[in-house]
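Source file: entry_20.cif. Holds: mmCIF, C-alpha atoms.
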```cif
data_input
#
loop_
_atom_site.label_atom_id
_atom_site.label_comp_id
_atom_site.auth_asym_id
_atom_site.auth_seq_id
_atom_site.Cartn_x
_atom_site.Cartn_y
_atom_site.Cartn_z
CA MET I 8 133.90 0.05 -28.99
CA LYS I 9 131.11 -0.43 -31.53
CA PHE I 10 131.36 -1.84 -35.06
CA LEU I 11 129.31 -1.10 -38.17
CA ILE I 12 128.51 -3.65 -40.88
CA GLY I 13 126.08 -3.61 -43.77
CA ASP I 14 124.58 -5.74 -46.52
CA ILE I 15 123.69 -3.89 -49.73
CA GLY I 16 121.10 -5.92 -51.64
CA ASN I 17 119.37 -5.18 -54.92
CA THR I 18 116.16 -4.16 -53.17
CA SER I 19 117.03 -3.39 -49.57
CA THR I 20 120.09 -2.59 -47.48
CA LYS I 21 120.57 -3.63 -43.87
CA ILE I 22 122.94 -1.70 -41.64
CA CYS I 23 123.82 -3.04 -38.19
CA VAL I 24 125.78 -1.61 -35.30
CA LEU I 25 127.49 -4.29 -33.20
CA ASN I 26 128.59 -4.09 -29.60
CA ASN I 27 132.08 -5.01 -28.36
CA ARG I 28 131.08 -8.69 -28.32
CA PHE I 29 130.03 -8.44 -32.00
CA LYS I 30 126.35 -8.88 -31.16
CA ILE I 31 123.71 -6.74 -32.89
CA LEU I 32 123.07 -3.57 -30.94
CA ARG I 33 120.80 -1.86 -33.49
CA SER I 34 119.60 -2.61 -37.03
CA TYR I 35 118.42 -0.25 -39.78
CA ASN I 36 116.75 -1.08 -43.08
CA PHE I 37 116.94 1.20 -46.10
CA GLU I 38 115.70 0.99 -49.66
CA THR I 39 118.86 0.42 -51.70
CA ASN I 40 117.93 3.00 -54.33
CA LYS I 41 117.98 5.61 -51.55
CA MET I 42 121.44 4.57 -50.34
CA TYR I 43 122.98 6.71 -53.10
CA ARG I 44 122.43 9.61 -50.71
CA GLY I 45 124.72 7.93 -48.20
CA ASN I 46 122.78 9.43 -45.30
CA PHE I 47 122.67 6.33 -43.11
CA LEU I 48 125.33 7.90 -40.88
CA ASN I 49 122.90 10.72 -40.10
CA THR I 50 120.30 8.17 -39.03
CA ILE I 51 122.81 6.49 -36.71
CA ALA I 52 123.93 9.84 -35.32
CA LYS I 53 120.34 10.76 -34.48
CA LYS I 54 120.09 7.58 -32.40
CA LYS I 55 123.19 8.74 -30.51
CA ILE I 56 125.00 5.41 -30.86
CA ASN I 57 127.78 6.64 -33.17
CA LYS I 58 129.99 7.31 -30.15
CA ASP I 59 133.02 4.97 -29.99
CA LEU I 60 132.24 3.67 -33.49
CA ASN I 61 135.23 1.89 -35.04
CA LEU I 62 136.67 3.74 -38.03
CA ILE I 63 136.38 0.69 -40.33
CA PHE I 64 132.99 -0.35 -41.76
CA LEU I 65 132.54 -3.76 -43.39
CA PHE I 66 129.96 -4.27 -46.16
CA SER I 67 128.80 -7.04 -48.44
CA SER I 68 127.37 -5.62 -51.65
CA VAL I 69 125.76 -6.90 -54.83
CA VAL I 70 125.17 -3.36 -56.13
CA PRO I 71 128.63 -1.99 -57.05
CA ASN I 72 127.43 1.52 -57.92
CA VAL I 73 125.85 2.00 -54.50
CA PHE I 74 128.92 0.69 -52.71
CA ARG I 75 131.21 2.98 -54.73
CA ASN I 76 128.97 5.95 -53.99
CA ILE I 77 128.98 5.29 -50.24
CA LYS I 78 132.75 4.81 -50.31
CA LYS I 79 133.14 8.12 -52.13
CA LYS I 80 130.96 9.94 -49.61
CA LEU I 81 132.86 8.44 -46.68
CA LYS I 82 136.12 9.85 -48.05
CA ARG I 83 135.03 13.15 -46.56
CA THR I 84 134.78 11.57 -43.12
CA LYS I 85 137.11 9.78 -40.72
CA TYR I 86 135.56 6.42 -41.65
CA LYS I 87 136.83 3.78 -44.07
CA ILE I 88 134.63 1.25 -45.85
CA LEU I 89 135.72 -2.25 -46.95
CA GLU I 90 133.94 -4.80 -49.15
CA LEU I 91 133.81 -8.40 -47.96
CA LYS I 92 135.32 -10.04 -51.04
CA ASN I 93 138.36 -7.75 -50.98
CA LEU I 94 139.54 -9.49 -47.81
CA ASN I 95 141.49 -12.73 -47.56
CA LEU I 96 138.57 -15.01 -46.70
CA ASN I 97 140.62 -18.22 -47.00
CA LYS I 98 141.38 -17.90 -43.30
CA ILE I 99 137.68 -18.26 -42.54
CA ILE I 100 136.12 -20.44 -45.24
CA LYS I 101 137.28 -22.42 -48.26
CA ILE I 102 135.32 -21.55 -51.41
CA ASN I 103 135.30 -24.42 -53.89
CA ILE I 104 134.08 -22.78 -57.10
CA LYS I 105 135.78 -21.84 -60.37
CA ASN I 106 135.47 -18.04 -60.28
CA LYS I 107 135.05 -16.51 -56.82
CA GLN I 108 134.47 -13.04 -58.28
CA GLN I 109 131.18 -14.27 -59.75
CA LEU I 110 129.90 -15.23 -56.30
CA GLY I 111 127.75 -12.58 -54.65
CA SER I 112 129.10 -11.12 -51.42
CA ASP I 113 125.78 -11.75 -49.68
CA ARG I 114 126.04 -15.45 -50.49
CA VAL I 115 129.60 -15.54 -49.13
CA ALA I 116 128.41 -13.86 -45.93
CA ASN I 117 125.51 -16.34 -45.65
CA ALA I 118 127.92 -19.25 -46.00
CA ILE I 119 130.23 -17.89 -43.32
CA GLY I 120 127.29 -17.20 -41.02
CA ALA I 121 126.07 -20.79 -41.41
CA LYS I 122 129.46 -22.51 -41.45
CA LYS I 123 129.20 -23.55 -37.81
CA PHE I 124 126.61 -26.16 -38.84
CA HIS I 125 129.32 -27.81 -40.98
CA ASN I 126 126.79 -29.27 -43.47
CA CYS I 127 124.09 -26.77 -44.28
CA LEU I 128 121.94 -25.32 -47.02
CA VAL I 129 121.08 -21.61 -46.91
CA ILE I 130 118.00 -20.55 -48.88
CA ASP I 131 117.70 -16.78 -49.28
CA PHE I 132 114.34 -15.45 -50.51
CA GLY I 133 115.63 -12.14 -51.79
CA THR I 134 115.40 -10.39 -55.17
CA ALA I 135 116.58 -13.77 -56.44
CA THR I 136 115.96 -17.03 -54.58
CA THR I 137 119.38 -18.50 -53.87
CA PHE I 138 120.45 -21.87 -52.52
CA ASP I 139 123.98 -22.14 -51.12
CA VAL I 140 125.62 -25.41 -50.12
CA ILE I 141 128.18 -25.72 -47.33
CA LYS I 142 129.56 -29.26 -47.12
CA ASN I 143 132.07 -30.24 -44.44
CA GLY I 144 132.58 -26.55 -43.72
CA VAL I 145 133.47 -25.77 -47.37
CA TYR I 146 131.37 -23.58 -49.67
CA GLU I 147 130.57 -25.85 -52.62
CA GLY I 148 128.33 -23.69 -54.84
CA GLY I 149 124.61 -23.31 -55.21
CA VAL I 150 121.53 -22.54 -57.27
CA ILE I 151 119.97 -19.24 -58.34
CA ALA I 152 116.25 -19.08 -59.15
CA PRO I 153 113.96 -16.10 -59.86
CA GLY I 154 112.85 -14.19 -56.79
CA VAL I 155 109.22 -14.53 -55.70
CA LYS I 156 108.35 -10.83 -55.43
CA LEU I 157 110.21 -9.93 -58.61
CA SER I 158 108.40 -12.68 -60.54
CA ILE I 159 105.01 -11.43 -59.34
CA GLU I 160 105.83 -7.83 -60.28
CA ASN I 161 107.30 -8.72 -63.67
CA LEU I 162 104.29 -10.82 -64.66
CA SER I 163 101.97 -7.94 -63.80
CA LYS I 164 104.11 -5.42 -65.72
CA ALA I 165 104.31 -7.66 -68.79
CA THR I 166 100.54 -8.26 -69.03
CA ALA I 167 97.60 -5.95 -69.50
CA LEU I 168 95.08 -7.70 -67.27
CA LEU I 169 97.00 -9.65 -64.63
CA PRO I 170 97.30 -7.85 -61.28
CA THR I 171 99.96 -8.19 -58.59
CA VAL I 172 98.90 -10.43 -55.72
CA ASP I 173 99.68 -10.74 -52.03
CA LEU I 174 100.37 -14.43 -51.62
CA ASN I 175 98.18 -16.59 -49.39
CA SER I 176 99.73 -19.89 -48.32
CA ASN I 177 96.32 -21.50 -47.65
CA GLN I 178 95.72 -22.32 -51.31
CA LYS I 179 93.68 -25.55 -51.28
CA ASN I 180 92.40 -25.64 -54.85
CA TYR I 181 93.00 -24.20 -58.29
CA GLY I 182 91.64 -20.70 -58.80
CA LYS I 183 88.05 -19.71 -59.43
CA ASN I 184 89.10 -16.19 -60.36
CA THR I 185 92.24 -14.46 -61.62
CA LYS I 186 93.76 -13.67 -58.23
CA GLU I 187 93.16 -17.19 -56.93
CA ALA I 188 94.67 -18.64 -60.11
CA LEU I 189 97.73 -16.41 -59.76
CA ASN I 190 98.08 -17.30 -56.09
CA ALA I 191 97.91 -21.00 -56.92
CA GLY I 192 100.51 -20.60 -59.64
CA PHE I 193 103.01 -18.75 -57.46
CA VAL I 194 102.47 -20.64 -54.21
CA TRP I 195 102.32 -24.12 -55.72
CA GLY I 196 104.97 -23.26 -58.29
CA TYR I 197 107.52 -22.01 -55.77
CA GLU I 198 106.62 -24.73 -53.30
CA GLY I 199 107.50 -27.26 -55.99
CA LEU I 200 110.60 -25.35 -57.09
CA VAL I 201 112.05 -25.03 -53.59
CA ASN I 202 111.30 -28.60 -52.50
CA ASN I 203 112.62 -30.01 -55.78
CA ILE I 204 115.91 -28.10 -55.58
CA ILE I 205 116.37 -29.16 -51.95
CA ASN I 206 115.79 -32.80 -52.91
CA LYS I 207 118.19 -32.55 -55.86
CA ILE I 208 120.95 -31.16 -53.64
CA ILE I 209 120.39 -33.77 -50.93
CA SER I 210 120.26 -36.67 -53.39
CA LYS I 211 123.52 -35.57 -55.04
CA ASN I 212 125.55 -35.55 -51.84
CA LYS I 213 123.59 -37.98 -49.61
CA ILE I 214 124.13 -35.62 -46.68
CA LYS I 215 121.68 -34.48 -44.02
CA TYR I 216 121.86 -30.71 -44.25
CA LYS I 217 120.79 -28.12 -41.72
CA ILE I 218 118.43 -25.98 -43.81
CA ILE I 219 118.41 -22.26 -42.99
CA LEU I 220 115.86 -19.88 -44.52
CA THR I 221 116.34 -16.14 -44.72
CA GLY I 222 114.95 -13.21 -46.69
CA GLY I 223 111.50 -11.76 -47.23
CA TYR I 224 109.54 -14.96 -47.89
CA ALA I 225 111.41 -17.20 -45.43
CA ASN I 226 108.57 -17.49 -42.91
CA PHE I 227 105.99 -17.82 -45.67
CA PHE I 228 107.64 -20.84 -47.27
CA LYS I 229 108.82 -22.48 -44.05
CA LYS I 230 105.45 -24.19 -43.66
CA LEU I 231 105.50 -25.37 -47.29
CA ILE I 232 108.95 -26.97 -47.23
CA LYS I 233 108.84 -30.69 -46.52
CA LYS I 234 112.19 -30.81 -44.68
CA ASN I 235 112.90 -29.43 -41.22
CA THR I 236 114.09 -25.85 -41.47
CA ILE I 237 114.97 -22.87 -39.30
CA VAL I 238 114.51 -19.19 -40.11
CA ASP I 239 117.40 -16.82 -39.41
CA GLN I 240 116.96 -13.31 -40.75
CA ASP I 241 120.40 -12.30 -39.42
CA ILE I 242 122.48 -15.02 -41.10
CA THR I 243 124.15 -12.51 -43.46
CA VAL I 244 124.92 -10.15 -40.60
CA LYS I 245 126.34 -13.02 -38.54
CA GLY I 246 128.66 -13.87 -41.41
CA LEU I 247 129.86 -10.27 -41.70
CA SER I 248 130.26 -10.11 -37.94
CA ASN I 249 132.47 -13.22 -37.98
CA VAL I 250 134.62 -11.75 -40.73
CA TYR I 251 135.02 -8.47 -38.86
CA LYS I 252 135.89 -10.31 -35.68
CA GLU I 253 138.45 -12.61 -37.34
CA LEU I 254 140.08 -10.37 -39.95
CA LEU I 255 139.78 -6.72 -38.89
#
```

Show me this structure written as structure tokens.
Amino acid sequence: MKFLIGDIGNTSTKICVLNNRFKILRSYNFETNKMYRGNFLNTIAKKKINKDLNLIFLFSSVVPNVFRNIKKKLKRTKYKILELKNLNLNKIIKINIKNKQQLGSDRVANAIGAKKFHNCLVIDFGTATTFDVIKNGVYEGGVIAPGVKLSIENLSKATALLPTVDLNSNQKNYGKNTKEALNAGFVWGYEGLVNNIINKIISKNKIKYKIILTGGYANFFKKLIKKNTIVDQDITVKGLSNVYKELL
């Protein structure tokens, strides 16, 4: 038996097929704006691994319209799609916030994927840069900051003369031209932002957290973060896998 899970993000969507031990057998990445076509099943079929695929798919989604569209398309098939937050997650993790519906499914999945560390901080460099705190195995909340790539693109769109830049982490001095100045602003700015938020979270709780980085700029900022960190690009998938294994 194989199992299908997916994470629908604002920019990209990751679909994974798991084996019968709930380990990743194959991963696929799609642009989210193309997921409206709902043709990911065709891609999987072409790889000839749709045989013995369980009829229930589990997704986390922060783009409701895309999820609804995929669900609608799957009505014509034998498959059924479920969204993470529609399940009774209390059996897996306690969520200690005021309104659980305001918490993104991807952040819930990240927390579940990292829960085994008991005290951990998950930093996801996605469309937004999110910080999620798991203390004593309980999800306690987090911080949302602007995403790196989105900030670069928005600054370029909002100005007539400032270009987009490909960040270089070896910024040793302030800029001598526009691109160097932009690079210094984004690299030093986000380096300060990330380290400051980490320090604020640690100082509030006086706990030594396992710090897990994921998302597009995880490896880039790993060398700029002053605390010990690990990079895990599958933390969301691991959370979804745990939910599938425990609840479905």

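With distances restricted to only C-alpha atoms, I:Leu231 is the closest residue to I:Ser176 from I:Leu231, I:Leu162, I:Ala135, I:Leu62.
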
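Among the candidate residues I:Arg114, I:Lys156, I:Lys41, I:Phe47, the one lying nearest to I:Ile22 is I:Phe47, with distances computed using only C-alpha atoms.
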
- Task: Take the PyMOL selection byres ((chain I and resi 188) around 12), apply it to the structure above, and return the hits as a list in words.
- Result: Leu169, Pro170, Thr171, Val172, Leu174, Asn175, Gln178, Lys179, Asn180, Tyr181, Gly182, Lys183, Asn184, Thr185, Lys186, Glu187, Leu189, Asn190, Ala191, Gly192, Phe193, Val194, Trp195 and Gly196 of chain I

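Distance check against I:Lys230 using only C-alpha atoms: of I:Asn202, I:Tyr35, I:Gly111, I:Glu253, the minimum falls on I:Asn202.
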
- With a distance cut-off of 12 Å and only C-alpha atoms, select the neighbouring residues of I:Asp59, excluding the residue or stretch itself and same-chain residues fewer than 5 positions from it, and output the selection as a ChimeraX atom specification. /I:8-11,24-27,52

Export, as a PDB file, in the coordinates of the input, the selected residues with C-alpha atoms.
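So the final result, stored in part_21.pdb, reads:
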```pdb
ATOM      1  CA  MET I   8     133.900   0.050 -28.990  1.00  0.00           C
ATOM      2  CA  LYS I   9     131.110  -0.430 -31.530  1.00  0.00           C
ATOM      3  CA  PHE I  10     131.360  -1.840 -35.060  1.00  0.00           C
ATOM      4  CA  LEU I  11     129.310  -1.100 -38.170  1.00  0.00           C
ATOM      5  CA  VAL I  24     125.780  -1.610 -35.300  1.00  0.00           C
ATOM      6  CA  LEU I  25     127.490  -4.290 -33.200  1.00  0.00           C
ATOM      7  CA  ASN I  26     128.590  -4.090 -29.600  1.00  0.00           C
ATOM      8  CA  ASN I  27     132.080  -5.010 -28.360  1.00  0.00           C
ATOM      9  CA  ALA I  52     123.930   9.840 -35.320  1.00  0.00           C
TER      10      ALA I  52
END
```

Considering all atoms listed in the file, tabulate each residue of stretch 16-67 of chain I that lies at most 9 Å from stretch 120-134 of chain I along with its nearest interatomic pair and the corresponding distance in Å to one decimal; arrange the rows by chain and ascending residue number and present them as a Markdown table.
```
| residue | atom | partner | partner_atom | distance |
| --- | --- | --- | --- | --- |
| I:Gly16 | CA | I:Thr134 | CA | 8.1 |
| I:Asn17 | CA | I:Thr134 | CA | 6.6 |
| I:Thr18 | CA | I:Thr134 | CA | 6.6 |
```

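Atom CA of I:Tyr251 is found 23.9 Å from atom CA of I:Thr137.
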
- Of the candidates I:Glu160, I:Val155, I:Val150, I:Lys142, which shows the shortest atom-to-atom distance to I:Lys217, using only C-alpha atoms? I:Lys142

- Expected selection from the PyMOL selection byres ((chain I and resi 99-106) around 8), given as a list in words: Leu96, Asn97, Lys98, Lys107, Gln108, Gln109, Leu110, Ile119, Lys122, Gly144, Val145, Tyr146, Glu147, Gly148, Val250 and Glu253 of chain I

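Going from atom CA of I:Gln240 over to atom CA of I:Asp14, you cover 12.2 Å.
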
- Message: I need the residue nearest I:Lys80 from this list: I:Lys233, I:Phe228, I:Ser67, I:Met42. Use only C-alpha atoms for the distance.
- Response: I:Met42

- Message: When you look at I:Cys23 with a cut-off of 7 Å (counting only C-alpha atoms), what residues show up, excluding the ones that are within fewer than 4 positions of it in the same chain? I need them as a list in words.
- Response: Leu11, Ile12, Gly13, Ile31, Arg33, Ser34 and Tyr35 of chain I

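Residues matching the PyMOL selection byres ((chain I and resi 90) around 10) in this structure come to Ile12, Gly13, Asp14, Phe64, Leu65, Phe66, Ser67, Ser68, Pro71, Phe74, Arg75, Lys78, Ile88, Leu89, Leu91, Lys92, Asn93, Leu94 and Ser112 of chain I.
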
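Atom CA of I:Val244 sits 27.9 Å away from atom CA of I:Lys207.
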
- Nearest-residue call for I:Ile77, choices I:Ile219, I:Ile15, I:Asn143, I:Asn177, using all atoms listed in the file: I:Ile15

Adding 4 Å on each side of the box along x, y and z that holds all listed atoms of stretch 142-160 of chain I, could you give its centre and edge lengths in Å to one decimal, as JSON?
```
{"center_x": 119.2, "center_y": -19.0, "center_z": -52.1, "size_x": 36.5, "size_y": 30.4, "size_z": 24.8}
```
